[in-house]
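Shown below: entry06.cif, with mmCIF, C-alpha atoms and all ligand atoms.
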```cif
data_upload
loop_
_atom_site.label_atom_id
_atom_site.label_comp_id
_atom_site.auth_asym_id
_atom_site.auth_seq_id
_atom_site.Cartn_x
_atom_site.Cartn_y
_atom_site.Cartn_z
CA MET A 1 0.10 17.84 15.53
CA ALA A 2 0.03 19.36 12.05
CA ILE A 3 3.42 20.08 10.57
CA ASP A 4 4.00 23.40 8.84
CA GLN A 5 3.96 23.57 5.07
CA GLU A 6 7.64 24.48 4.76
CA THR A 7 8.78 21.41 6.72
CA ALA A 8 6.42 19.19 4.73
CA ASP A 9 7.78 20.56 1.45
CA GLN A 10 11.37 20.00 2.62
CA ILE A 11 10.72 16.35 3.50
CA VAL A 12 8.99 15.67 0.18
CA ASP A 13 11.78 17.45 -1.67
CA THR A 14 14.49 15.40 0.08
CA VAL A 15 12.74 12.16 -0.84
CA ALA A 16 12.18 13.35 -4.44
CA ARG A 17 15.88 14.19 -4.90
CA TRP A 18 16.92 10.82 -3.49
CA VAL A 19 14.45 9.06 -5.80
CA ASP A 20 15.92 10.87 -8.82
CA ALA A 21 19.53 10.20 -7.84
CA GLU A 22 19.44 6.69 -6.34
CA VAL A 23 16.12 4.94 -6.83
CA ALA A 24 14.87 5.53 -10.38
CA PRO A 25 18.18 4.69 -12.09
CA ASN A 26 18.51 1.38 -10.20
CA ALA A 27 14.93 0.20 -9.70
CA SER A 28 14.61 -1.97 -12.82
CA ALA A 29 17.84 -3.83 -12.07
CA PHE A 30 16.48 -4.89 -8.68
CA GLU A 31 12.96 -5.55 -9.91
CA LEU A 32 13.93 -7.73 -12.85
CA GLU A 33 16.02 -9.90 -10.50
CA ASP A 34 13.31 -9.84 -7.84
CA ALA A 35 16.10 -8.77 -5.46
CA TYR A 36 15.28 -7.07 -2.15
CA PRO A 37 16.55 -3.47 -2.19
CA ASP A 38 18.15 -3.55 1.27
CA ASP A 39 20.09 -0.31 0.88
CA MET A 40 17.07 1.62 -0.36
CA VAL A 41 14.94 0.31 2.49
CA ALA A 42 17.70 1.24 4.96
CA GLN A 43 17.77 4.76 3.51
CA MET A 44 14.00 5.03 3.92
CA ALA A 45 14.42 4.07 7.57
CA GLU A 46 17.16 6.71 7.83
CA PHE A 47 14.74 9.33 6.47
CA GLY A 48 12.28 8.22 9.16
CA LEU A 49 9.69 7.03 6.63
CA PHE A 50 8.80 3.92 8.65
CA GLY A 51 7.49 6.35 11.26
CA ALA A 52 5.99 8.79 8.73
CA THR A 53 2.47 8.85 10.16
CA ILE A 54 3.33 7.62 13.68
CA PRO A 55 2.86 10.46 16.20
CA GLU A 56 6.03 12.21 17.35
CA GLN A 57 5.44 11.25 21.00
CA TYR A 58 5.99 7.61 19.96
CA GLY A 59 9.10 8.34 17.93
CA GLY A 60 7.54 8.96 14.52
CA LEU A 61 7.60 11.99 12.23
CA GLY A 62 3.92 12.68 12.87
CA LEU A 63 3.28 13.70 9.27
CA ASP A 64 -0.21 14.43 8.09
CA VAL A 65 -1.73 12.15 5.45
CA SER A 66 -1.41 14.85 2.76
CA THR A 67 2.36 14.94 3.17
CA TYR A 68 2.52 11.17 3.43
CA ALA A 69 0.63 10.84 0.12
CA ARG A 70 3.09 13.18 -1.60
CA ILE A 71 6.02 11.10 -0.30
CA ILE A 72 4.39 7.90 -1.53
CA GLU A 73 3.85 9.48 -4.96
CA GLU A 74 7.56 10.36 -5.14
CA LEU A 75 8.71 6.89 -4.03
CA SER A 76 6.35 5.22 -6.51
CA ARG A 77 7.49 7.17 -9.52
CA GLY A 78 10.94 5.71 -8.77
CA PHE A 79 10.09 2.21 -7.53
CA MET A 80 6.53 1.38 -6.51
CA SER A 81 7.57 -1.64 -4.41
CA LEU A 82 9.26 0.70 -1.92
CA ALA A 83 5.91 2.34 -1.21
CA GLY A 84 4.42 -1.11 -0.55
CA VAL A 85 7.04 -1.86 2.11
CA VAL A 86 6.07 1.29 4.00
CA ASN A 87 2.32 0.99 3.43
CA SER A 88 1.78 -2.42 5.04
CA HIS A 89 3.98 -1.39 7.94
CA LEU A 90 2.07 1.85 8.50
CA ILE A 91 -1.37 0.23 8.30
CA ALA A 92 -0.29 -1.93 11.26
CA ALA A 93 1.05 1.18 13.03
CA ASN A 94 -2.13 3.10 12.23
CA LEU A 95 -4.28 0.40 13.83
CA ILE A 96 -2.19 0.51 17.00
CA THR A 97 -2.13 4.33 17.06
CA ARG A 98 -5.87 4.70 16.64
CA PHE A 99 -7.28 1.72 18.47
CA GLY A 100 -4.50 0.34 20.70
CA THR A 101 -4.33 0.88 24.46
CA GLU A 102 -1.75 3.39 25.70
CA GLU A 103 0.41 0.46 26.90
CA GLN A 104 0.30 -1.05 23.40
CA ARG A 105 1.23 2.27 21.78
CA VAL A 106 4.18 2.71 24.13
CA GLN A 107 5.30 -0.89 23.68
CA TRP A 108 5.10 -1.21 19.88
CA LEU A 109 5.08 2.15 18.09
CA PRO A 110 8.63 3.33 18.92
CA GLN A 111 10.08 0.07 17.52
CA LEU A 112 7.96 0.43 14.38
CA ALA A 113 8.88 4.09 13.93
CA THR A 114 12.59 3.30 13.70
CA ALA A 115 12.01 0.14 11.60
CA GLU A 116 13.75 -1.85 14.34
CA ARG A 117 10.62 -3.95 13.98
CA ARG A 118 8.87 -4.09 10.60
CA GLY A 119 5.12 -4.37 10.50
CA CYS A 120 2.64 -6.08 8.22
CA PHE A 121 -1.12 -6.24 7.91
CA SER A 122 -2.83 -9.61 7.53
CA LEU A 123 -6.52 -9.65 6.62
CA SER A 124 -6.79 -11.68 3.39
CA GLU A 125 -6.97 -15.46 3.21
CA PRO A 126 -6.91 -17.99 0.37
CA ASP A 127 -10.75 -18.00 0.31
CA SER A 128 -11.53 -14.45 1.40
CA GLY A 129 -10.29 -11.21 -0.15
CA SER A 130 -13.05 -8.84 -1.27
CA ASP A 131 -15.43 -10.60 1.11
CA ALA A 132 -12.99 -10.09 3.95
CA ALA A 133 -15.59 -10.64 6.68
CA ALA A 134 -15.75 -14.29 5.59
CA LEU A 135 -12.28 -14.93 6.99
CA ARG A 136 -11.77 -18.23 8.81
CA CYS A 137 -8.51 -17.92 10.74
CA LYS A 138 -9.54 -18.88 14.26
CA ALA A 139 -8.69 -17.35 17.64
CA GLN A 140 -9.65 -19.45 20.65
CA ARG A 141 -9.29 -18.54 24.30
CA ASP A 142 -7.32 -20.95 26.45
CA GLY A 143 -7.11 -19.61 30.01
CA ASP A 144 -5.22 -16.31 29.81
CA GLU A 145 -4.00 -17.01 26.31
CA TRP A 146 -5.30 -17.03 22.75
CA VAL A 147 -4.55 -19.85 20.33
CA ILE A 148 -4.43 -18.98 16.62
CA ASN A 149 -5.00 -21.48 13.81
CA GLY A 150 -5.45 -20.76 10.12
CA THR A 151 -3.88 -19.66 6.87
CA LYS A 152 -3.44 -16.05 5.79
CA MET A 153 -2.65 -15.06 2.22
CA TRP A 154 -0.95 -12.16 0.42
CA VAL A 155 0.95 -10.88 3.44
CA THR A 156 3.16 -8.07 2.16
CA ASN A 157 6.37 -7.82 4.25
CA GLY A 158 5.33 -11.08 5.95
CA GLU A 159 8.72 -12.73 6.09
CA ARG A 160 10.78 -9.77 7.27
CA ALA A 161 8.08 -8.52 9.62
CA GLY A 162 8.55 -8.59 13.38
CA LEU A 163 4.93 -7.59 14.00
CA VAL A 164 1.71 -8.71 12.35
CA ALA A 165 -1.61 -6.90 12.70
CA LEU A 166 -3.60 -10.12 12.37
CA LEU A 167 -7.36 -10.37 11.84
CA ALA A 168 -8.80 -13.62 13.22
CA ARG A 169 -12.24 -14.86 14.18
CA ALA A 170 -12.96 -15.17 17.91
CA GLU A 171 -16.29 -16.36 19.32
CA GLU A 172 -17.31 -12.72 19.82
CA GLY A 173 -16.38 -11.70 16.26
CA ILE A 174 -13.40 -10.68 14.16
CA THR A 175 -10.59 -9.42 16.37
CA CYS A 176 -7.28 -7.76 15.63
CA PHE A 177 -4.25 -9.25 17.35
CA ILE A 178 -0.77 -7.80 17.65
CA VAL A 179 1.42 -10.77 16.82
CA ASP A 180 5.14 -10.44 17.48
CA LYS A 181 7.21 -12.79 15.43
CA VAL A 182 10.83 -13.41 14.70
CA PRO A 183 11.65 -12.19 11.18
CA GLY A 184 12.19 -15.20 8.94
CA LYS A 185 10.35 -18.30 7.77
CA THR A 186 9.27 -19.75 11.12
CA SER A 187 8.41 -18.35 14.50
CA GLY A 188 6.62 -20.26 17.30
CA GLY A 189 3.78 -21.86 15.34
CA ILE A 190 3.90 -19.37 12.44
CA THR A 191 5.29 -20.58 9.14
CA VAL A 192 5.82 -18.65 5.92
CA SER A 193 4.37 -21.43 3.83
CA LYS A 194 4.75 -19.82 0.40
CA ASN A 195 6.55 -16.90 -1.17
CA ILE A 196 4.27 -15.82 -3.99
CA ARG A 197 5.83 -15.07 -7.38
CA LYS A 198 4.24 -12.04 -9.01
CA LEU A 199 3.82 -10.30 -12.36
CA GLY A 200 5.01 -7.00 -10.92
CA TYR A 201 5.40 -5.36 -7.51
CA ARG A 202 8.46 -7.50 -7.14
CA SER A 203 11.54 -7.12 -4.92
CA LEU A 204 9.47 -7.33 -1.77
CA GLU A 205 7.92 -10.40 -0.28
CA THR A 206 4.22 -11.29 -0.51
CA VAL A 207 3.67 -14.51 1.40
CA GLU A 208 1.23 -17.09 2.63
CA MET A 209 1.47 -17.59 6.40
CA THR A 210 0.20 -20.56 8.35
CA TYR A 211 -0.61 -20.47 12.05
CA VAL A 212 -0.68 -23.77 13.93
CA ASP A 213 -1.53 -23.48 17.64
CA HIS A 214 0.27 -20.15 17.82
CA ARG A 215 -0.15 -18.84 21.38
CA LEU A 216 -0.62 -15.21 22.27
CA PRO A 217 -0.86 -13.62 25.71
CA ALA A 218 -4.11 -11.78 26.51
CA ASP A 219 -2.52 -8.34 26.13
CA ARG A 220 -2.07 -8.87 22.37
CA VAL A 221 -5.71 -8.12 21.63
CA LEU A 222 -5.69 -4.70 19.96
CA GLY A 223 -7.49 -2.28 22.24
CA GLY A 224 -7.33 -4.64 25.25
CA PRO A 225 -10.30 -6.76 26.42
CA GLU A 226 -12.70 -4.17 24.94
CA GLY A 227 -11.22 -4.79 21.52
CA VAL A 228 -12.46 -8.36 21.18
CA GLY A 229 -14.90 -8.47 18.25
CA LYS A 230 -14.08 -4.95 17.02
CA GLY A 231 -11.24 -5.81 14.67
CA PHE A 232 -13.16 -5.73 11.42
CA GLN A 233 -14.71 -2.29 11.83
CA TRP A 234 -11.34 -0.88 12.93
CA CYS A 235 -9.55 -2.43 10.03
CA LEU A 236 -12.02 -0.88 7.56
CA GLN A 237 -11.23 2.52 9.06
CA ALA A 238 -7.47 1.93 8.89
CA LEU A 239 -7.84 0.93 5.25
CA GLU A 240 -8.79 4.56 4.44
CA LEU A 241 -5.10 5.38 4.96
CA GLY A 242 -4.19 2.35 2.85
CA ARG A 243 -6.45 3.49 0.02
CA VAL A 244 -5.00 7.00 -0.02
CA ASN A 245 -1.59 5.35 -0.13
CA VAL A 246 -2.55 3.11 -3.06
CA ALA A 247 -4.07 6.09 -4.90
CA ALA A 248 -0.81 8.00 -4.40
CA ARG A 249 1.10 4.99 -5.70
CA GLY A 250 -1.09 5.01 -8.79
CA VAL A 251 -0.34 8.70 -9.33
CA GLY A 252 3.38 8.04 -8.92
CA VAL A 253 3.46 5.19 -11.43
CA ALA A 254 1.28 7.12 -13.90
CA ARG A 255 3.54 10.16 -13.56
CA ALA A 256 6.64 8.09 -14.21
CA ALA A 257 5.00 6.58 -17.32
CA LEU A 258 3.95 10.03 -18.58
CA ASP A 259 7.45 11.48 -18.00
CA ALA A 260 9.03 8.54 -19.84
CA ALA A 261 6.58 8.98 -22.74
CA LEU A 262 7.23 12.73 -22.97
CA ASP A 263 10.96 12.16 -22.98
CA TYR A 264 10.73 9.47 -25.64
CA ALA A 265 8.30 11.47 -27.80
CA ALA A 266 10.75 14.38 -27.88
CA LYS A 267 13.63 12.17 -29.06
CA ARG A 268 12.21 9.48 -31.33
CA GLU A 269 11.76 10.62 -34.94
CA THR A 270 9.47 9.25 -37.64
CA PHE A 271 8.55 10.83 -40.96
CA GLY A 272 11.20 13.50 -40.47
CA LYS A 273 10.18 14.85 -37.06
CA PRO A 274 9.98 13.83 -33.38
CA ILE A 275 6.89 11.66 -32.80
CA GLY A 276 5.76 14.22 -30.20
CA GLN A 277 5.19 16.61 -33.11
CA HIS A 278 2.55 14.31 -34.61
CA GLN A 279 -0.91 15.34 -33.49
CA GLY A 280 -1.93 11.71 -32.84
CA ILE A 281 0.81 11.37 -30.22
CA GLN A 282 0.17 14.83 -28.77
CA PHE A 283 -3.49 13.98 -28.23
CA LYS A 284 -2.48 10.81 -26.41
CA LEU A 285 -0.01 12.76 -24.23
CA ALA A 286 -2.66 15.38 -23.51
CA GLU A 287 -5.13 12.74 -22.34
CA MET A 288 -2.47 11.02 -20.22
CA ALA A 289 -1.42 14.27 -18.53
CA THR A 290 -5.04 15.26 -17.85
CA LYS A 291 -5.78 11.92 -16.21
CA VAL A 292 -2.62 12.07 -14.09
CA GLU A 293 -3.52 15.54 -12.86
CA ALA A 294 -7.12 14.52 -12.09
CA ALA A 295 -5.87 11.45 -10.19
CA ARG A 296 -3.48 13.62 -8.20
CA LEU A 297 -6.19 16.12 -7.28
CA LEU A 298 -8.59 13.38 -6.15
CA THR A 299 -5.82 11.85 -4.06
CA ARG A 300 -4.94 15.18 -2.45
CA GLU A 301 -8.60 15.85 -1.68
CA ALA A 302 -9.01 12.42 -0.05
CA ALA A 303 -5.83 12.95 2.01
CA ALA A 304 -7.00 16.43 3.06
CA LYS A 305 -10.35 15.00 4.19
CA VAL A 306 -8.60 12.41 6.35
CA ASP A 307 -6.42 15.19 7.80
CA ARG A 308 -9.48 17.29 8.61
CA GLY A 309 -10.96 14.30 10.45
CA GLU A 310 -13.88 14.07 8.02
CA ARG A 311 -15.43 10.82 6.87
CA ALA A 312 -13.34 9.90 3.82
CA ASP A 313 -14.53 6.51 2.61
CA MET A 314 -16.10 7.91 -0.57
CA ALA A 315 -13.22 10.30 -1.30
CA ALA A 316 -10.58 7.62 -0.66
CA GLY A 317 -12.57 5.15 -2.77
CA MET A 318 -12.84 7.61 -5.67
CA ALA A 319 -9.15 8.50 -5.50
CA LYS A 320 -8.11 4.85 -5.34
CA LEU A 321 -10.46 3.82 -8.16
CA PHE A 322 -9.48 6.61 -10.52
CA ALA A 323 -5.76 6.71 -9.77
CA SER A 324 -5.29 2.95 -10.08
CA GLU A 325 -7.19 2.70 -13.37
CA THR A 326 -5.28 5.78 -14.60
CA ALA A 327 -1.96 4.13 -13.77
CA ALA A 328 -2.89 1.08 -15.86
CA GLU A 329 -4.16 3.16 -18.80
CA VAL A 330 -1.27 5.61 -18.81
CA ALA A 331 1.32 2.83 -18.47
CA LEU A 332 -0.14 1.10 -21.54
CA ASP A 333 -0.21 4.38 -23.49
CA ALA A 334 3.40 5.07 -22.53
CA MET A 335 4.30 1.62 -23.78
CA ARG A 336 2.55 2.28 -27.10
CA ILE A 337 4.43 5.57 -27.49
CA HIS A 338 7.70 3.67 -27.00
CA GLY A 339 6.83 1.37 -29.91
CA GLY A 340 8.91 -1.83 -29.92
CA ASN A 341 11.26 -0.42 -27.29
CA GLY A 342 8.37 -0.29 -24.84
CA PHE A 343 8.15 -4.05 -25.02
CA THR A 344 11.72 -4.54 -23.85
CA THR A 345 13.41 -4.45 -20.47
CA GLU A 346 15.75 -1.74 -21.79
CA TYR A 347 13.15 0.87 -20.85
CA PRO A 348 11.29 1.16 -17.54
CA VAL A 349 7.80 1.45 -19.08
CA GLU A 350 7.41 -2.33 -19.10
CA ARG A 351 7.82 -2.24 -15.30
CA TYR A 352 5.17 0.46 -14.92
CA TYR A 353 2.87 -1.66 -17.08
CA ARG A 354 3.42 -4.73 -14.86
CA ASP A 355 3.20 -2.76 -11.59
CA ALA A 356 0.04 -0.79 -12.35
CA PRO A 357 -2.54 -3.63 -12.02
CA LEU A 358 -1.54 -4.22 -8.40
CA MET A 359 -3.09 -0.86 -7.51
CA ILE A 360 -6.36 -2.02 -9.06
CA ILE A 361 -6.39 -5.09 -6.79
CA GLY A 362 -4.77 -4.23 -3.43
CA GLU A 363 -6.74 -2.56 -0.58
CA GLY A 364 -9.97 -3.48 -2.37
CA THR A 365 -10.45 -3.97 -6.09
CA SER A 366 -12.05 -1.36 -8.37
CA GLU A 367 -15.37 -3.19 -8.03
CA ILE A 368 -15.15 -2.93 -4.24
CA GLN A 369 -14.36 0.81 -4.49
CA LYS A 370 -17.45 1.22 -6.67
CA MET A 371 -19.49 -0.57 -4.00
CA VAL A 372 -18.09 1.80 -1.33
CA ILE A 373 -18.80 4.89 -3.47
CA GLY A 374 -22.24 3.64 -4.52
CA ARG A 375 -23.31 2.94 -0.94
CA ALA A 376 -22.08 6.38 0.17
CA LEU A 377 -24.07 8.04 -2.63
CA MET A 378 -27.21 6.11 -1.72
CA ARG A 379 -26.99 7.16 1.92
CA GLY A 380 -26.89 10.77 0.76
CA ASP A 381 -23.17 11.58 0.78
CA ARG A 382 -21.95 13.81 -2.04
CA PRO A 383 -18.38 14.49 -3.19
C1 LIG B 1 0.57 -8.44 -4.48
C2 LIG B 1 -0.50 -8.39 -3.48
C3 LIG B 1 -0.25 -7.94 -2.20
C4 LIG B 1 -1.26 -7.96 -1.22
N1 LIG B 1 -0.96 -7.57 0.06
C5 LIG B 1 -1.90 -7.77 1.03
C6 LIG B 1 -1.56 -7.55 2.41
O1 LIG B 1 -0.44 -7.12 2.74
N2 LIG B 1 -2.49 -7.84 3.36
C7 LIG B 1 -3.75 -8.32 3.04
O2 LIG B 1 -4.53 -8.56 3.96
N3 LIG B 1 -4.09 -8.51 1.74
C8 LIG B 1 -3.21 -8.25 0.75
N4 LIG B 1 -3.54 -8.48 -0.58
C9 LIG B 1 -4.86 -9.05 -0.89
C10 LIG B 1 -5.78 -8.12 -1.63
O3 LIG B 1 -6.30 -7.15 -0.76
C11 LIG B 1 -6.85 -9.00 -2.29
O4 LIG B 1 -6.22 -9.72 -3.34
C12 LIG B 1 -7.99 -8.19 -2.82
O5 LIG B 1 -8.75 -7.66 -1.77
C13 LIG B 1 -8.92 -9.04 -3.73
O6 LIG B 1 -9.28 -10.22 -3.11
P1 LIG B 1 -9.14 -11.63 -3.89
O7 LIG B 1 -7.79 -11.68 -4.49
O8 LIG B 1 -9.52 -12.70 -2.95
O9 LIG B 1 -10.19 -11.53 -5.07
P2 LIG B 1 -11.74 -11.92 -4.98
O10 LIG B 1 -12.34 -11.30 -3.77
O11 LIG B 1 -11.88 -13.38 -5.13
O12 LIG B 1 -12.32 -11.19 -6.27
C14 LIG B 1 -12.21 -11.74 -7.58
C15 LIG B 1 -12.88 -10.76 -8.55
O13 LIG B 1 -14.29 -10.66 -8.24
C16 LIG B 1 -14.62 -9.28 -8.05
N5 LIG B 1 -15.67 -9.20 -7.03
C17 LIG B 1 -15.67 -9.75 -5.79
N6 LIG B 1 -16.82 -9.47 -5.16
C18 LIG B 1 -17.57 -8.72 -6.01
C19 LIG B 1 -18.87 -8.11 -5.95
N7 LIG B 1 -19.62 -8.18 -4.84
N8 LIG B 1 -19.32 -7.42 -7.03
C20 LIG B 1 -18.56 -7.32 -8.14
N9 LIG B 1 -17.33 -7.87 -8.27
C21 LIG B 1 -16.84 -8.56 -7.22
C22 LIG B 1 -13.34 -8.61 -7.60
O14 LIG B 1 -13.37 -7.20 -7.83
C23 LIG B 1 -12.32 -9.34 -8.47
O15 LIG B 1 -12.34 -8.76 -9.76
C24 LIG B 1 -2.56 -8.40 -1.58
C25 LIG B 1 -2.84 -8.80 -2.89
C26 LIG B 1 -1.83 -8.80 -3.84
C27 LIG B 1 -2.14 -9.28 -5.23
#
```
The structure in this file should be written as structure tokens.
Amino acid sequence: MAIDQETADQIVDTVARWVDAEVAPNASAFELEDAYPDDMVAQMAEFGLFGATIPEQYGGLGLDVSTYARIIEELSRGFMSLAGVVNSHLIAANLITRFGTEEQRVQWLPQLATAERRGCFSLSEPDSGSDAAALRCKAQRDGDEWVINGTKMWVTNGERAGLVALLARAEEGITCFIVDKVPGKTSGGITVSKNIRKLGYRSLETVEMTYVDHRLPADRVLGGPEGVGKGFQWCLQALELGRVNVAARGVGVARAALDAALDYAAKRETFGKPIGQHQGIQFKLAEMATKVEAARLLTREAAAKVDRGERADMAAGMAKLFASETAAEVALDAMRIHGGNGFTTEYPVERYYRDAPLMIIGEGTSEIQKMVIGRALMRGDRP
């Protein structure tokens, strides 16, 4: 059900005010320590953001993707890692909403919507990322059960998660399993084997997870018996939401970098006037602002296409490609405008600069987005 514009605006506005008051001023302190922002995450749950795109009948807010993208932009201009916590969770929820059986929706979505159970999405492996269909994690039938063996990599939220949307290879093809686990390092044959230290996108866990003879009942195949072998195509569709999310994150980080640069350019003086009065700096600011606006418009268009139920792979790919590259470029420009101060942890631009590359990599690198866009163009699609 589509929400009305006024309600959507109110929700976005509430999140934006919270980001200004509580998130942005404290984000760097958490991020530099790589400390988990428990209170912020609890507040997001309080706002209902863990159920943002989960339909109301299963306890979620039932927001459209356009509103969701605006919320993600707001969160990311304060602290991009917070958007990552919600994104992985909602990709898992999206898979269950779209492709799960009614029993699976009733069983899992209400717990995800309230964040009683956190979700994560586990496709990548140590030897397969861009070429995701080459994954090796194995799912074998044993009577009424499935036995999972393999290693998954880069699992955002993996340690705290109570539910994993896991892609594994069955005899019939790649299949998505709903894995319930106990939050923490071990759970019945699942081990968090490594917590990966990162350049940016810190304060949330990205882990390697190993499955050794982990047993799952038959009803954990997403979509029921019909779902065996369909996991890969479903996960590509669910990634459209992920790509809109990552694009919105790019817009948020780029916006934060632009705002910081504008603020600094108005205050810092050289040669007798604020640096923002020098044409060289103004030209840079003009280019930054134009790119941010273009990234935002592409992201809104991709979100609107998803909301209209139209095929959105090209639009989401374009938004993700442009917004992520924009975030990296604008973050570097903002750092240049800050001069030496930009190279210190006294100012948040260094965090934007470290966070931005993640958007270029996650949910498919820029090269993969170009492949998606190129293929769409060659089959006759036009923006
Ligand atoms: C912090 C972080 C969090 C993540 N969270 C998750 C998560 O929650 N769940 C999950 O499943 N995954 C997650 N990922 C994994 C992410 O999706 C992959 O890292 C990404 O898809 C790239 O895969 P790769 O790292 O294996 O790189 P590779 O696939 O090895 O690519 C290496 C380079 O080669 C390029 N390349 C590859 N193939 C081609 C080609 N055909 N043509 C041209 N260039 C090519 C790539 O663009 C890249 O530049 C996360 C990654 C990071 C860094």
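Take the candidates A:Val207, A:Leu163, A:Val182, A:Ile190 and check each one against A:Glu125 using only C-alpha atoms; the shortest distance goes to A:Val207.
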Wanna dump the chain A-ligand LIG 1 (chain B) contacts at 8 Å for me, each residue with its shortest atom pair and the distance in Å to one decimal, counting all atoms listed in the file, ordered by chain and number, as a Markdown table?
```
| residue | atom | partner | partner_atom | distance |
| --- | --- | --- | --- | --- |
| A:Ser88 | CA | B:LIG1 | O1 | 5.7 |
| A:Cys120 | CA | B:LIG1 | O1 | 6.4 |
| A:Phe121 | CA | B:LIG1 | N2 | 5.0 |
| A:Ser122 | CA | B:LIG1 | O2 | 4.1 |
| A:Leu123 | CA | B:LIG1 | O2 | 3.5 |
| A:Ser124 | CA | B:LIG1 | O2 | 3.9 |
| A:Glu125 | CA | B:LIG1 | O8 | 7.2 |
| A:Pro126 | CA | B:LIG1 | O8 | 6.8 |
| A:Asp127 | CA | B:LIG1 | O8 | 6.3 |
| A:Ser128 | CA | B:LIG1 | O8 | 5.1 |
| A:Gly129 | CA | B:LIG1 | O8 | 3.3 |
| A:Ser130 | CA | B:LIG1 | O10 | 3.6 |
| A:Asp131 | CA | B:LIG1 | O10 | 5.8 |
| A:Ala132 | CA | B:LIG1 | O5 | 7.5 |
| A:Lys152 | CA | B:LIG1 | O2 | 7.8 |
| A:Met153 | CA | B:LIG1 | N3 | 6.7 |
| A:Trp154 | CA | B:LIG1 | C4 | 4.5 |
| A:Val155 | CA | B:LIG1 | O1 | 4.1 |
| A:Thr156 | CA | B:LIG1 | O1 | 3.8 |
| A:Asn157 | CA | B:LIG1 | O1 | 7.0 |
| A:Gly158 | CA | B:LIG1 | O1 | 7.7 |
| A:Lys198 | CA | B:LIG1 | C1 | 6.9 |
| A:Gly200 | CA | B:LIG1 | C1 | 8.0 |
| A:Tyr201 | CA | B:LIG1 | C1 | 6.5 |
| A:Thr206 | CA | B:LIG1 | C3 | 5.8 |
| A:Leu358 | CA | B:LIG1 | C27 | 6.0 |
| A:Ile361 | CA | B:LIG1 | C12 | 5.3 |
| A:Gly362 | CA | B:LIG1 | O3 | 4.2 |
| A:Glu363 | CA | B:LIG1 | O3 | 4.6 |
| A:Gly364 | CA | B:LIG1 | O5 | 4.4 |
| A:Thr365 | CA | B:LIG1 | O14 | 4.7 |
| A:Ser366 | CA | B:LIG1 | O14 | 6.0 |
| A:Glu367 | CA | B:LIG1 | O14 | 4.5 |
| A:Ile368 | CA | B:LIG1 | O14 | 5.9 |
| A:Met371 | CA | B:LIG1 | N8 | 7.5 |
```
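Taking only C-alpha atoms into account, A:Gln140 lies nearest to A:Gly173 out of the set A:Gly252, A:Gly173, A:Pro37, A:Pro110.
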Task: Residue nearest A:Lys230 among A:Ala319, A:Ala261, A:Ala133, A:Ala302 (counting all atoms listed in the file) - done: A:Ala133
Task: Residue contacts of A:Asp34 (9 Å, all atoms listed in the file) excluding same-chain residues fewer than 5 positions away, as number ranges by chain - done: A: 29, 202-204
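Omitting A:Ala165 and its sequence neighbours fewer than 4 positions away, and counting all atoms listed in the file, the residues within 8 Å are A:Ala92, A:Leu95, A:Gly119, A:Cys120, A:Phe121, A:Ser122, A:Cys176, A:Phe177, A:Ile178, A:Val179.
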TODO: Identify the residues around (-10.9, -16.2, 10.3) within a radius of 9 Å, measuring from all atoms listed in the file in the coordinates stated by the file, and give them as a PyMOL selection string.
DONE: chain A and resi 123+125+133-139+149-152+167-170+174
Task: A:Glu350 environment, 12 Å, all atoms listed in the file, sequence neighbours closer than 4 positions dropped, as a PyMOL selection string - done: chain A and resi 28+31-32+199-200+253+256-257+260-261+328+330-346+354-356
With 4 Å of padding per side, what axis-aligned box (centre and edge lengths, Å, one decimal) covers all the listed atoms of stretch 365-379 of chain A? Give it as lines of an AutoDock Vina configuration file.
```
center_x = -18.8
center_y = 2.0
center_z = -3.2
size_x = 24.8
size_y = 20.0
size_z = 18.3
```
- [ ] For atom CA of A:Met288 and atom CA of A:Ala248, quote the distance in Å rounded to one decimal.
- [x] 16.2 Å
Task: Separation of atom CA of A:Gly143 from atom CA of A:Gly229 in Å - done: 18.0 Å
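Counting from atom CA of A:Leu321, the distance to atom CA of A:Glu287 is 17.6 Å.
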- [ ] Could you check which of A:Val212, A:Met378, A:Ala286, A:Leu82 is closest to A:Met44, using only C-alpha atoms?
- [x] A:Leu82
Task: Shortest interatomic distance to A:Ala238 - which of A:Gln369, A:Gln104, A:Thr97, A:Gln279, counting all atoms listed in the file - done: A:Thr97
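Here the residues that fall within 7 Å of (-0.3, 5.6, -7.1), using all atoms listed in the file, are given as Glu73, Ser76, Val246, Ala247, Ala248, Arg249, Gly250, Val251, Gly252, Val253, Ala323 and Ser324 of chain A.
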Only C-alpha atoms, please: the residues just picked out, written as a PDB file, in the coordinates of the input.
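So the final result, stored in part03.pdb, reads:
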```
ATOM      1  CA  GLU A  73       3.850   9.480  -4.960  1.00  0.00           C
ATOM      2  CA  SER A  76       6.350   5.220  -6.510  1.00  0.00           C
ATOM      3  CA  VAL A 246      -2.550   3.110  -3.060  1.00  0.00           C
ATOM      4  CA  ALA A 247      -4.070   6.090  -4.900  1.00  0.00           C
ATOM      5  CA  ALA A 248      -0.810   8.000  -4.400  1.00  0.00           C
ATOM      6  CA  ARG A 249       1.100   4.990  -5.700  1.00  0.00           C
ATOM      7  CA  GLY A 250      -1.090   5.010  -8.790  1.00  0.00           C
ATOM      8  CA  VAL A 251      -0.340   8.700  -9.330  1.00  0.00           C
ATOM      9  CA  GLY A 252       3.380   8.040  -8.920  1.00  0.00           C
ATOM     10  CA  VAL A 253       3.460   5.190 -11.430  1.00  0.00           C
ATOM     11  CA  ALA A 323      -5.760   6.710  -9.770  1.00  0.00           C
ATOM     12  CA  SER A 324      -5.290   2.950 -10.080  1.00  0.00           C
TER      13      SER A 324
END
```
